[in-house]
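As provided, data_6.txt (compact mmCIF, C-alpha atoms) reads as follows.
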# COMPACT_ATOMS: atom_id res chain seq x y z
CA MET A 137 52.93 -173.71 -129.03
CA GLY A 138 55.93 -175.86 -129.71
CA THR A 139 59.08 -175.85 -127.69
CA PRO A 140 58.84 -173.89 -124.47
CA PRO A 141 60.42 -170.49 -124.88
CA ALA A 142 63.99 -169.89 -123.95
CA PRO A 143 64.68 -167.89 -120.83
CA GLY A 144 63.76 -164.30 -121.36
CA GLY A 145 61.87 -164.97 -124.59
CA ALA A 146 58.33 -164.31 -125.75
CA ALA A 147 57.84 -160.72 -124.76
CA ASP A 148 54.46 -159.01 -124.79
CA HIS A 149 54.13 -156.98 -127.99
CA SER A 150 50.40 -156.49 -127.86
CA SER A 151 49.28 -153.17 -129.20
CA LYS A 152 47.03 -152.84 -126.17
CA GLY A 153 49.73 -153.79 -123.76
CA ARG A 154 47.77 -156.84 -122.69
CA ALA A 155 49.30 -160.17 -121.99
CA ARG A 156 48.34 -162.32 -124.91
CA ASN A 157 49.24 -165.72 -123.77
CA ARG A 158 52.68 -164.81 -123.34
CA ALA A 159 53.17 -165.57 -119.76
CA VAL A 160 56.77 -164.80 -120.62
CA LEU A 161 58.03 -167.89 -119.01
CA ALA A 162 61.43 -169.40 -118.90
CA PHE A 163 61.56 -173.12 -118.83
CA VAL A 164 64.53 -174.87 -117.33
CA VAL A 165 64.57 -178.60 -117.17
CA GLY A 166 65.49 -179.28 -113.61
CA ALA A 167 64.93 -181.76 -110.83
CA VAL A 168 61.62 -180.23 -109.82
CA ALA A 169 59.58 -179.48 -112.91
CA VAL A 170 57.18 -176.98 -111.43
CA SER A 171 59.92 -174.95 -109.82
CA ALA A 172 61.64 -174.86 -113.18
CA VAL A 173 59.32 -172.09 -114.26
CA LEU A 174 61.34 -168.97 -113.74
CA GLY A 175 59.41 -166.21 -115.43
CA ALA A 176 56.05 -164.61 -114.89
CA SER A 177 53.22 -163.32 -116.98
CA THR A 178 52.99 -159.71 -117.97
CA THR A 179 49.61 -159.38 -116.30
CA GLY A 180 49.04 -157.73 -112.99
CA ALA A 181 49.50 -161.12 -111.43
CA GLN A 182 53.21 -160.74 -112.01
CA ALA A 183 53.47 -158.67 -108.88
CA GLU A 184 51.72 -161.45 -107.01
CA ASN A 185 54.31 -163.92 -108.24
CA LEU A 186 51.83 -166.15 -110.01
CA PRO A 187 53.87 -167.73 -112.79
CA TYR A 188 50.86 -169.49 -114.28
CA ALA A 189 48.73 -166.35 -114.62
CA VAL A 190 48.09 -166.33 -118.35
CA THR A 191 45.68 -164.41 -120.50
CA THR A 192 45.13 -165.91 -123.93
CA ASP A 193 43.51 -164.15 -126.86
CA PHE A 194 42.36 -166.16 -129.83
CA ALA A 195 40.05 -165.92 -132.82
CA VAL A 196 38.73 -167.95 -135.73
CA ALA A 197 39.45 -167.24 -139.38
CA GLN A 198 36.89 -165.15 -141.25
CA VAL A 199 38.27 -165.47 -144.74
CA ALA A 200 40.33 -168.00 -146.65
CA LYS A 201 43.70 -166.23 -146.62
CA PRO A 202 47.27 -167.40 -146.05
CA ALA A 203 49.43 -167.00 -142.98
CA TYR A 204 52.77 -165.52 -144.05
CA VAL A 205 56.18 -165.96 -142.48
CA SER A 206 56.44 -162.18 -142.06
CA PRO A 207 53.88 -159.34 -142.04
CA SER A 208 53.62 -158.82 -145.79
CA THR A 209 51.48 -160.28 -148.53
CA HIS A 210 54.69 -160.60 -150.55
CA ALA A 211 56.29 -162.85 -147.93
CA LYS A 212 56.50 -166.62 -148.17
CA VAL A 213 53.25 -168.39 -147.33
CA LEU A 214 53.46 -170.57 -144.24
CA LYS A 215 50.04 -172.17 -144.51
CA GLY A 216 46.51 -171.20 -145.46
CA LEU A 217 44.13 -170.29 -142.66
CA SER A 218 41.66 -173.08 -141.96
CA PHE A 219 38.05 -172.62 -140.95
CA PHE A 220 37.94 -176.04 -139.28
CA THR A 221 40.19 -178.34 -137.27
CA PRO A 222 41.64 -181.26 -139.26
CA ASP A 223 38.80 -183.59 -138.18
CA HIS A 224 36.13 -180.89 -138.62
CA GLU A 225 35.19 -181.27 -134.97
CA ALA A 226 35.38 -177.52 -134.28
CA LEU A 227 36.24 -174.19 -135.83
CA GLN A 228 40.00 -173.76 -136.02
CA THR A 229 41.20 -171.23 -133.47
CA TYR A 230 44.37 -169.18 -133.77
CA ARG A 231 46.24 -167.83 -130.78
CA PHE A 232 47.57 -164.29 -130.89
CA VAL A 233 51.27 -163.77 -130.25
CA LYS A 234 51.91 -160.13 -131.06
CA SER A 235 50.74 -157.24 -133.22
CA GLN A 236 52.53 -155.05 -135.68
CA ARG A 237 51.28 -152.21 -137.86
CA VAL A 238 52.82 -152.17 -141.34
CA LYS A 239 51.90 -149.39 -143.79
CA ASN A 240 48.78 -148.66 -141.79
CA VAL A 241 47.64 -152.28 -141.84
CA LEU A 242 47.39 -154.11 -138.54
CA TRP A 243 49.07 -157.52 -138.67
CA GLU A 244 48.94 -160.23 -136.06
CA GLU A 245 51.48 -162.93 -135.44
CA ILE A 246 49.57 -166.09 -134.60
CA ASP A 247 50.42 -169.61 -133.54
CA VAL A 248 49.65 -171.90 -136.47
CA PRO A 249 48.76 -175.51 -135.62
CA MET A 250 50.73 -177.63 -138.07
CA ARG A 251 53.68 -179.99 -138.34
CA PRO A 252 56.26 -179.47 -137.01
CA ASN A 253 54.87 -178.04 -133.78
CA GLY A 254 55.73 -174.53 -132.74
CA GLN A 255 55.28 -172.44 -135.89
CA THR A 256 53.92 -168.94 -136.10
CA GLY A 257 52.65 -166.93 -139.05
CA TRP A 258 51.38 -163.45 -139.84
CA VAL A 259 47.90 -162.48 -140.91
CA GLU A 260 46.06 -159.22 -141.35
CA ARG A 261 43.87 -158.55 -138.34
CA SER A 262 40.79 -158.19 -140.51
CA TRP A 263 41.11 -161.79 -141.67
CA LEU A 264 40.28 -163.04 -138.19
CA GLY A 265 37.05 -162.73 -136.25
CA PRO A 266 36.42 -160.98 -132.94
CA VAL A 267 38.93 -161.72 -130.18
CA GLN A 268 37.95 -164.21 -127.51
CA THR A 269 39.84 -164.35 -124.23
CA VAL A 270 40.45 -167.03 -121.60
CA HIS A 271 42.24 -166.83 -118.26
CA THR A 272 42.63 -170.53 -117.57
CA LEU A 273 45.69 -172.68 -118.16
CA VAL A 274 46.28 -176.43 -118.19
CA VAL A 275 49.75 -177.59 -117.19
CA VAL A 276 50.68 -181.22 -117.82
CA ASP A 277 53.81 -182.26 -115.99
CA ILE A 278 55.16 -185.40 -117.60
CA ALA A 279 57.76 -185.85 -114.88
CA THR A 280 55.20 -186.10 -112.10
CA GLU A 281 52.46 -187.59 -114.32
CA SER A 282 50.03 -184.92 -113.18
CA LEU A 283 47.81 -182.22 -114.62
CA ALA A 284 46.94 -178.91 -113.00
CA VAL A 285 44.45 -176.23 -113.97
CA TYR A 286 45.09 -172.58 -113.13
CA ASN A 287 42.65 -169.71 -113.29
CA ARG A 288 44.33 -166.29 -113.26
CA GLY A 289 47.38 -167.97 -111.81
CA LYS A 290 45.66 -169.81 -108.98
CA GLN A 291 45.58 -173.57 -108.99
CA ILE A 292 41.99 -174.82 -109.02
CA PHE A 293 42.36 -178.49 -109.93
CA THR A 294 44.92 -181.28 -110.06
CA ALA A 295 44.72 -184.87 -111.22
CA PRO A 296 47.04 -187.75 -112.05
CA VAL A 297 47.48 -188.48 -115.75
CA GLY A 298 48.77 -191.08 -118.12
CA THR A 299 51.04 -189.78 -120.87
CA GLY A 300 52.99 -191.18 -123.80
CA HIS A 301 55.78 -193.69 -123.58
CA GLN A 302 58.73 -191.38 -122.99
CA SER A 303 61.17 -194.24 -123.48
CA ASP A 304 59.72 -194.97 -126.92
CA PRO A 305 60.71 -192.32 -129.49
CA THR A 306 57.54 -193.06 -131.45
CA TRP A 307 55.03 -192.35 -128.71
CA PRO A 308 56.16 -189.54 -126.41
CA THR A 309 53.81 -186.72 -125.47
CA PRO A 310 55.47 -183.79 -127.25
CA SER A 311 56.23 -181.00 -124.79
CA GLY A 312 55.55 -177.36 -125.58
CA HIS A 313 52.87 -174.69 -125.57
CA TYR A 314 49.58 -175.64 -127.20
CA TRP A 315 45.90 -174.99 -126.62
CA ILE A 316 42.59 -176.79 -126.61
CA ALA A 317 41.24 -176.79 -130.15
CA GLU A 318 38.14 -178.91 -129.73
CA GLU A 319 36.01 -180.65 -127.14
CA PHE A 320 33.17 -183.11 -127.33
CA PRO A 321 31.42 -185.98 -125.56
CA SER A 322 33.06 -189.24 -126.53
CA LYS A 323 31.07 -192.22 -127.73
CA ASP A 324 34.15 -194.43 -127.67
CA ALA A 325 34.90 -196.07 -124.29
CA PHE A 326 38.60 -195.87 -125.07
CA TYR A 327 38.38 -192.07 -124.72
CA GLY A 328 36.07 -192.16 -121.70
CA PRO A 329 33.08 -189.81 -121.52
CA TRP A 330 34.74 -186.60 -122.71
CA ALA A 331 37.64 -185.60 -124.91
CA PHE A 332 39.60 -182.48 -125.72
CA GLY A 333 41.68 -182.15 -128.86
CA THR A 334 44.81 -180.01 -128.65
CA THR A 335 47.01 -178.29 -131.21
CA ASP A 336 49.84 -180.63 -130.29
CA TYR A 337 50.78 -182.93 -133.17
CA ALA A 338 52.04 -186.34 -132.06
CA THR A 339 55.33 -187.80 -133.18
CA ASP A 340 53.60 -190.84 -134.62
CA THR A 341 51.90 -189.75 -137.84
CA ASP A 342 50.02 -192.97 -138.52
CA PHE A 343 46.79 -192.04 -136.74
CA PRO A 344 43.85 -190.62 -138.75
CA ASP A 345 42.75 -186.98 -138.59
CA GLY A 346 46.30 -185.68 -138.27
CA SER A 347 47.59 -187.66 -135.26
CA ILE A 348 46.47 -185.07 -132.74
CA VAL A 349 47.32 -185.30 -129.06
CA GLY A 350 44.11 -185.39 -127.06
CA ILE A 351 43.22 -185.06 -123.39
CA HIS A 352 40.55 -187.59 -122.57
CA GLY A 353 39.13 -190.19 -120.18
CA THR A 354 39.96 -193.86 -120.29
CA ASN A 355 38.59 -197.37 -119.93
CA GLU A 356 41.86 -198.43 -118.29
CA PRO A 357 42.00 -196.23 -115.15
CA TRP A 358 44.44 -198.56 -113.42
CA LEU A 359 47.15 -197.37 -115.84
CA ILE A 360 46.95 -193.84 -114.39
CA PRO A 361 49.35 -192.39 -113.32
CA GLY A 362 51.83 -193.80 -115.77
CA ASP A 363 52.92 -193.63 -119.37
CA PRO A 364 50.46 -195.95 -121.15
CA SER A 365 49.42 -193.77 -124.09
CA HIS A 366 50.57 -193.16 -127.64
CA GLY A 367 50.99 -189.47 -126.90
CA CYS A 368 47.60 -188.48 -125.51
CA VAL A 369 47.02 -187.33 -121.96
CA ARG A 370 44.65 -189.72 -120.22
CA LEU A 371 42.67 -188.90 -117.09
CA LYS A 372 40.36 -191.02 -114.99
CA ASP A 373 36.77 -190.48 -116.07
CA ALA A 374 35.75 -188.54 -112.96
CA ASP A 375 38.68 -186.19 -113.52
CA ILE A 376 38.00 -185.58 -117.22
CA LEU A 377 34.38 -184.75 -116.35
CA LYS A 378 35.61 -182.24 -113.78
CA LEU A 379 38.11 -180.80 -116.26
CA LYS A 380 35.26 -180.36 -118.73
CA THR A 381 33.65 -177.85 -116.38
CA LEU A 382 36.83 -175.82 -115.91
CA VAL A 383 38.34 -175.31 -119.36
CA GLY A 384 37.29 -175.08 -122.99
CA ILE A 385 38.45 -174.27 -126.49
CA GLY A 386 41.21 -171.67 -126.41
CA THR A 387 42.58 -172.66 -123.01
CA PRO A 388 46.36 -172.99 -123.32
CA VAL A 389 47.94 -176.36 -122.57
CA TRP A 390 51.53 -176.38 -121.46
CA ILE A 391 53.18 -179.75 -121.55
CA LEU A 392 56.30 -179.62 -119.45
CA PRO A 393 59.13 -181.83 -120.66
CA PRO A 394 60.24 -184.77 -118.52
CA THR A 395 63.15 -183.89 -116.31
CA SER A 396 66.51 -185.47 -116.87
CA SER A 397 66.93 -186.44 -113.26
CA VAL B 956 8.53 -140.33 -144.62
CA SER B 957 11.50 -138.13 -145.35
CA THR B 958 13.01 -138.41 -148.81
CA LYS B 959 16.16 -136.58 -147.81
CA LYS B 960 19.28 -138.46 -148.84
CA ARG B 961 21.48 -139.60 -145.95
CA CYS B 962 24.70 -139.66 -147.93
CA GLY B 963 26.29 -138.84 -151.24
CA THR B 964 25.18 -135.21 -151.50
CA LYS B 965 27.04 -131.95 -151.12
CA TYR B 966 25.92 -131.73 -147.51
CA THR B 967 26.20 -135.36 -146.43
CA PRO B 968 29.06 -137.88 -146.12
CA ALA B 969 30.01 -140.14 -148.99
CA CYS B 970 27.96 -143.29 -149.26
CA THR B 971 29.86 -146.37 -148.18
CA THR B 972 29.43 -150.09 -148.66
CA PRO B 973 27.24 -151.73 -146.00
CA LYS B 974 29.11 -153.23 -143.06
CA ILE B 975 28.61 -156.52 -141.26
CA ILE B 976 29.85 -156.82 -137.69
CA ASN B 977 29.42 -159.93 -135.58
CA LYS B 978 29.89 -161.09 -132.02
CA PRO B 979 32.47 -163.86 -131.47
CA VAL B 980 31.57 -167.22 -132.93
CA SER B 981 31.73 -170.27 -130.68
CA PRO B 982 34.34 -172.64 -132.12
CA LYS B 983 32.69 -175.61 -130.43
CA CYS B 984 30.85 -178.16 -132.55
CA VAL B 985 27.08 -178.45 -132.38
CA ASP B 986 25.37 -181.78 -131.79
CA VAL B 987 23.16 -182.95 -134.63
CA GLY B 988 19.52 -182.60 -133.66
CA SER B 989 20.14 -179.51 -131.55
CA LYS B 990 19.92 -175.88 -132.55
CA TYR B 991 22.80 -173.77 -133.78
CA VAL B 992 22.35 -170.18 -132.66
CA VAL B 993 23.88 -167.67 -135.01
CA PRO B 994 26.02 -165.07 -133.20
CA THR B 995 24.52 -161.60 -133.03
CA ILE B 996 25.18 -159.84 -136.31
CA THR B 997 24.83 -156.09 -136.79
CA LEU B 998 24.40 -154.64 -140.26
CA THR B 999 24.91 -150.96 -140.97
CA SER B 1000 24.61 -148.74 -144.02
CA ASN B 1001 24.83 -144.98 -144.15
CA SER B 1002 22.61 -144.85 -147.19
CA GLY B 1003 20.00 -147.27 -145.86
CA ILE B 1004 19.55 -151.02 -145.88
CA ARG B 1005 17.19 -152.38 -148.52
CA LYS B 1006 17.50 -156.13 -147.97
CA VAL B 1007 19.05 -158.62 -145.57
CA GLN B 1008 19.34 -162.32 -146.31
CA VAL B 1009 20.74 -165.22 -144.30
CA GLN B 1010 21.29 -168.46 -146.19
CA GLU B 1011 22.55 -171.91 -145.28
CA GLY B 1012 23.37 -173.47 -148.63
CA SER B 1013 20.32 -172.89 -150.83
CA HIS B 1014 18.02 -172.66 -147.80
CA THR B 1015 17.00 -169.13 -146.79
CA LEU B 1016 16.95 -168.82 -143.01
CA LYS B 1017 15.89 -165.21 -142.87
CA SER B 1018 14.99 -162.51 -145.34
CA VAL B 1019 14.05 -158.94 -144.48
CA THR B 1020 13.23 -156.17 -146.93
CA PHE B 1021 12.99 -152.52 -145.92
CA LYS B 1022 10.82 -150.03 -147.78
CA GLY B 1023 11.50 -146.38 -148.51
CA GLN B 1024 14.87 -145.15 -147.30
CA GLY B 1025 15.52 -148.37 -145.44
CA ALA B 1026 17.18 -148.71 -142.06
CA THR B 1027 20.68 -147.52 -141.23
CA GLN B 1028 21.18 -150.37 -138.77
CA TYR B 1029 19.69 -153.79 -138.30
CA SER B 1030 20.65 -156.57 -135.88
CA ILE B 1031 20.09 -160.28 -136.21
CA LYS B 1032 19.77 -161.77 -132.73
CA SER B 1033 19.16 -165.32 -131.54
CA LEU B 1034 18.60 -166.67 -135.02
CA GLY B 1035 18.45 -170.44 -134.64
CA LEU B 1036 19.12 -173.13 -137.17
CA SER B 1037 17.89 -176.68 -136.60
CA THR B 1038 20.74 -179.11 -137.18
CA THR B 1039 18.43 -182.09 -137.69
CA GLY B 1040 19.38 -183.80 -140.89
CA LEU B 1041 22.66 -181.95 -141.29
CA ALA B 1042 25.71 -184.09 -141.94
CA SER B 1043 28.52 -184.08 -139.39
CA GLY B 1044 31.46 -181.83 -140.17
CA ALA B 1045 31.79 -178.47 -141.86
CA HIS B 1046 28.89 -176.12 -142.58
CA SER B 1047 28.51 -172.45 -143.27
CA LEU B 1048 25.90 -169.78 -143.63
CA THR B 1049 26.10 -166.50 -145.47
CA VAL B 1050 24.70 -163.12 -144.53
CA LYS B 1051 24.17 -160.66 -147.36
CA VAL B 1052 23.09 -157.06 -146.99
CA THR B 1053 22.14 -154.77 -149.87
CA ASP B 1054 21.64 -151.03 -149.52
CA ILE B 1055 19.15 -148.80 -151.32
CA ARG B 1056 21.82 -147.86 -153.87
CA GLY B 1057 22.36 -151.48 -154.80
CA ARG B 1058 25.71 -151.92 -153.07
CA SER B 1059 26.04 -155.14 -151.15
CA ALA B 1060 28.31 -156.89 -148.68
CA SER B 1061 28.33 -160.46 -147.49
CA LYS B 1062 30.03 -162.50 -144.82
CA THR B 1063 30.25 -166.24 -144.35
CA PHE B 1064 30.03 -167.82 -140.91
CA HIS B 1065 31.25 -171.34 -140.33
CA PHE B 1066 30.05 -173.92 -137.85
CA SER B 1067 30.66 -177.59 -137.26
CA ILE B 1068 28.28 -180.45 -136.56
CA CYS B 1069 29.99 -182.81 -134.09
CA VAL B 1070 31.70 -185.79 -135.66
CA ALA B 1071 30.72 -189.13 -134.10
CA THR B 1072 34.16 -190.29 -133.06
CA PRO B 1073 37.24 -188.34 -133.96
CA VAL B 1074 40.53 -190.19 -133.65
CA PHE B 1075 43.38 -189.02 -131.47
CA THR B 1076 46.66 -190.73 -130.86
CA GLY B 1077 45.08 -192.20 -127.69
In structure tokens, how does this file's structure come out?
Amino acid sequence: MGTPPAPGGAADHSSKGRARNRAVLAFVVGAVAVSAVLGASTTGAQAENLPYAVTTDFAVAQVAKPAYVSPSTHAKVLKGLSFFTPDHEALQTYRFVKSQRVKNVLWEEIDVPMRPNGQTGWVERSWLGPVQTVHTLVVVDIATESLAVYNRGKQIFTAPVGTGHQSDPTWPTPSGHYWIAEEFPSKDAFYGPWAFGTTDYATDTDFPDGSIVGIHGTNEPWLIPGDPSHGCVRLKDADILKLKTLVGIGTPVWILPPTSS
Amino acid sequence: VSTKKRCGTKYTPACTTPKIINKPVSPKCVDVGSKYVVPTITLTSNSGIRKVQVQEGSHTLKSVTFKGQGATQYSIKSLGLSTTGLASGAHSLTVKVTDIRGRSASKTFHFSICVATPVFTG
């Protein structure tokens, strides 16, 4: 979540040695956004040179406990764990970053959806439910106004998208690492037939329910590809219905920053 | 029926509090009018389970009482809850297990009824 990791960052610290959404990628803003990805995941796909091979572990909260800034109940509280997303459209999921055992208690560092984007906190493992795992990844490339879906590192879908007004500081699509937090059929034509909510918080805070960046259909398909939105990622209706069959809650969403070229 | 104690004697392990273990919960919301299926929940007690109760608010979804020494393990599978009439948004249900010694444990499971039209930044 948040700003893409610096080169060489985000190592795999899983106690089981599994890649937990760490893909260990290095982002460099260059002329060709996709080729800017330098690193590789820590999965077996690394040897196959599949930079988008990502395994993500996540879980929901089981008890109302805080997330701390370090693995100790005496540390500063970052934020309380939530059972639900801000709009109560789904159970709030938390993505695992790394594990650490402290005084015989297993702690997990988790991505915490909140403002500003990109914050992590520590919780005791027992406060979260059973681990759920996904192998899919959504990559939104603002520079090329396109979206791609990868499964175990292999591209299985691409589509043009509309994103936020990059020239307007109020309505960009914030880049970084997020995940799908909710999904539902839309009854509002503006969102098309299906919508996903992400953990990406928009720059503009005036929208209800937390000003969440969504990925959804549209009733203005002629604006895609382009930058017509207030931060959301818009797809043509046929594409959002296809995307619905490929990904779900927990799937990471990487929003690549626009290139400077 | 054997009356031999399973725990807490010189020759048996110490009696422990009942445990509640569940399969992963789907984070996805449930449409109103459909059925919410509770994830498989396994209850264990080394002294023996006396009673199991599943409640959604004040409504009892399931209640099972064991006689005699009770069961050491019991699973709740495919328990469905009709969402007709439930308001959109946050809901929860609670599973409580009590053993033959009177010790109990409970766990709350949360689920969401789909909201009509959430608002994104668009």
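From CA of His210 (chain A) back to CA of Ser235 (chain A), the distance works out to 18.1 Å.
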Counting all atoms listed in the file, which residues of chain B fall within 9 Å of chain A, and what is the closest atom pair for each with its distance in Å at one decimal, ordered by chain and rising number, as a Markdown table?
| residue | atom | partner | partner_atom | distance |
| --- | --- | --- | --- | --- |
| B:Asn977 | CA | A:Pro266 | CA | 7.6 |
| B:Lys978 | CA | A:Pro266 | CA | 6.6 |
| B:Pro979 | CA | A:Pro266 | CA | 5.1 |
| B:Val980 | CA | A:Val196 | CA | 7.7 |
| B:Ser981 | CA | A:Leu227 | CA | 7.9 |
| B:Pro982 | CA | A:Leu227 | CA | 4.4 |
| B:Lys983 | CA | A:Ala226 | CA | 5.1 |
| B:Cys984 | CA | A:Ala226 | CA | 4.9 |
| B:Val985 | CA | A:Ala226 | CA | 8.6 |
| B:Ser1043 | CA | A:His224 | CA | 8.3 |
| B:Gly1044 | CA | A:His224 | CA | 5.0 |
| B:Ala1045 | CA | A:His224 | CA | 5.9 |
| B:Lys1062 | CA | A:Gln198 | CA | 8.2 |
| B:Thr1063 | CA | A:Gln198 | CA | 7.4 |
| B:Phe1064 | CA | A:Gln198 | CA | 7.4 |
| B:His1065 | CA | A:Phe219 | CA | 6.9 |
| B:Phe1066 | CA | A:Leu227 | CA | 6.5 |
| B:Ser1067 | CA | A:Ala226 | CA | 5.6 |
| B:Ile1068 | CA | A:Glu225 | CA | 7.1 |
| B:Cys1069 | CA | A:Glu225 | CA | 5.5 |
| B:Val1070 | CA | A:Glu225 | CA | 5.8 |
| B:Ala1071 | CA | A:Lys323 | CA | 7.1 |
| B:Thr1072 | CA | A:Lys323 | CA | 6.5 |
| B:Pro1073 | CA | A:Asp223 | CA | 6.5 |
| B:Val1074 | CA | A:Pro344 | CA | 6.1 |
| B:Phe1075 | CA | A:Ile348 | CA | 5.2 |
| B:Thr1076 | CA | A:Ser347 | CA | 5.4 |
| B:Gly1077 | CA | A:Cys368 | CA | 5.0 |
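Put simply, CA of Gly362 (chain A) is 6.4 Å away from CA of Glu281 (chain A).
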To one decimal place in Å, what is the distance between CA of Trp258 (chain A) and CA of Lys212 (chain A)? 10.3 Å
Can you list, as a PDB file with C-alpha atoms, in the frame of the given file, every protein, DNA or RNA residue that comes within 12 Å of Thr209 (chain A) when you count only C-alpha atoms, leaving out same-chain residues fewer than 2 positions away?
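Contents of part.pdb, as written:
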ATOM      1  CA  LYS A 201      43.700-166.230-146.620  1.00  0.00           C
ATOM      2  CA  PRO A 202      47.270-167.400-146.050  1.00  0.00           C
ATOM      3  CA  ALA A 203      49.430-167.000-142.980  1.00  0.00           C
ATOM      4  CA  TYR A 204      52.770-165.520-144.050  1.00  0.00           C
ATOM      5  CA  VAL A 205      56.180-165.960-142.480  1.00  0.00           C
ATOM      6  CA  SER A 206      56.440-162.180-142.060  1.00  0.00           C
ATOM      7  CA  PRO A 207      53.880-159.340-142.040  1.00  0.00           C
ATOM      8  CA  ALA A 211      56.290-162.850-147.930  1.00  0.00           C
ATOM      9  CA  LYS A 212      56.500-166.620-148.170  1.00  0.00           C
ATOM     10  CA  VAL A 213      53.250-168.390-147.330  1.00  0.00           C
ATOM     11  CA  LEU A 214      53.460-170.570-144.240  1.00  0.00           C
ATOM     12  CA  VAL A 238      52.820-152.170-141.340  1.00  0.00           C
ATOM     13  CA  LYS A 239      51.900-149.390-143.790  1.00  0.00           C
ATOM     14  CA  VAL A 241      47.640-152.280-141.840  1.00  0.00           C
ATOM     15  CA  TRP A 243      49.070-157.520-138.670  1.00  0.00           C
ATOM     16  CA  GLY A 257      52.650-166.930-139.050  1.00  0.00           C
ATOM     17  CA  TRP A 258      51.380-163.450-139.840  1.00  0.00           C
ATOM     18  CA  VAL A 259      47.900-162.480-140.910  1.00  0.00           C
ATOM     19  CA  GLU A 260      46.060-159.220-141.350  1.00  0.00           C
TER      20      GLU A 260
END
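Distance check against Pro968 (chain B) using all atoms listed in the file: of B:Asp986, B:Thr1015, B:Leu1048, B:Ser1002, the minimum falls on B:Ser1002.
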Please write out, as AutoDock Vina command-line options, where the centre of an axis-aligned box around all listed atoms of region 970-989 of chain B lies and how long its edges are, in Å to one decimal, after adding 8 Å on each side.
--center_x 26.9 --center_y -163.1 --center_z -139.8 --size_x 30.8 --size_y 55.7 --size_z 34.8
Contacts of Ser1013 (chain B) within 12 Å, all atoms listed in the file, excl. fewer than 5 positions in-chain, as a PDB file with C-alpha atoms, in the coordinates of the input:
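Output below, filename part06.pdb:
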ATOM      1  CA  GLN B1008      19.340-162.320-146.310  1.00  0.00           C
ATOM      2  CA  SER B1047      28.510-172.450-143.270  1.00  0.00           C
ATOM      3  CA  LEU B1048      25.900-169.780-143.630  1.00  0.00           C
ATOM      4  CA  THR B1049      26.100-166.500-145.470  1.00  0.00           C
TER       5      THR B1049
END
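Shown here are all protein and nucleic acid residues lying within 10 Å of (21.1, -173.5, -143.6), with only C-alpha atoms considered: Tyr991, Val1009, Gln1010, Glu1011, Gly1012, Ser1013, His1014, Thr1015, Leu1016, Lys1017, Gly1035, Leu1036, Ser1037, Thr1038, Leu1041, His1046, Ser1047, Leu1048 and Thr1049 of chain B.
Residues with any atom within 12 Å of Asn253 (chain A), counting only C-alpha atoms and excluding same-chain neighbours fewer than 3 positions away, are A:Met137, A:Gly138, A:Thr139, A:Pro140, A:Asp247, A:Val248, A:Pro249, A:Met250, A:Thr256, A:Pro310, A:Ser311, A:Gly312, A:His313, A:Tyr314, A:Trp315, A:Thr334, A:Thr335, A:Asp336, A:Tyr337, A:Ala338, A:Thr339, A:Ile348, A:Val349.
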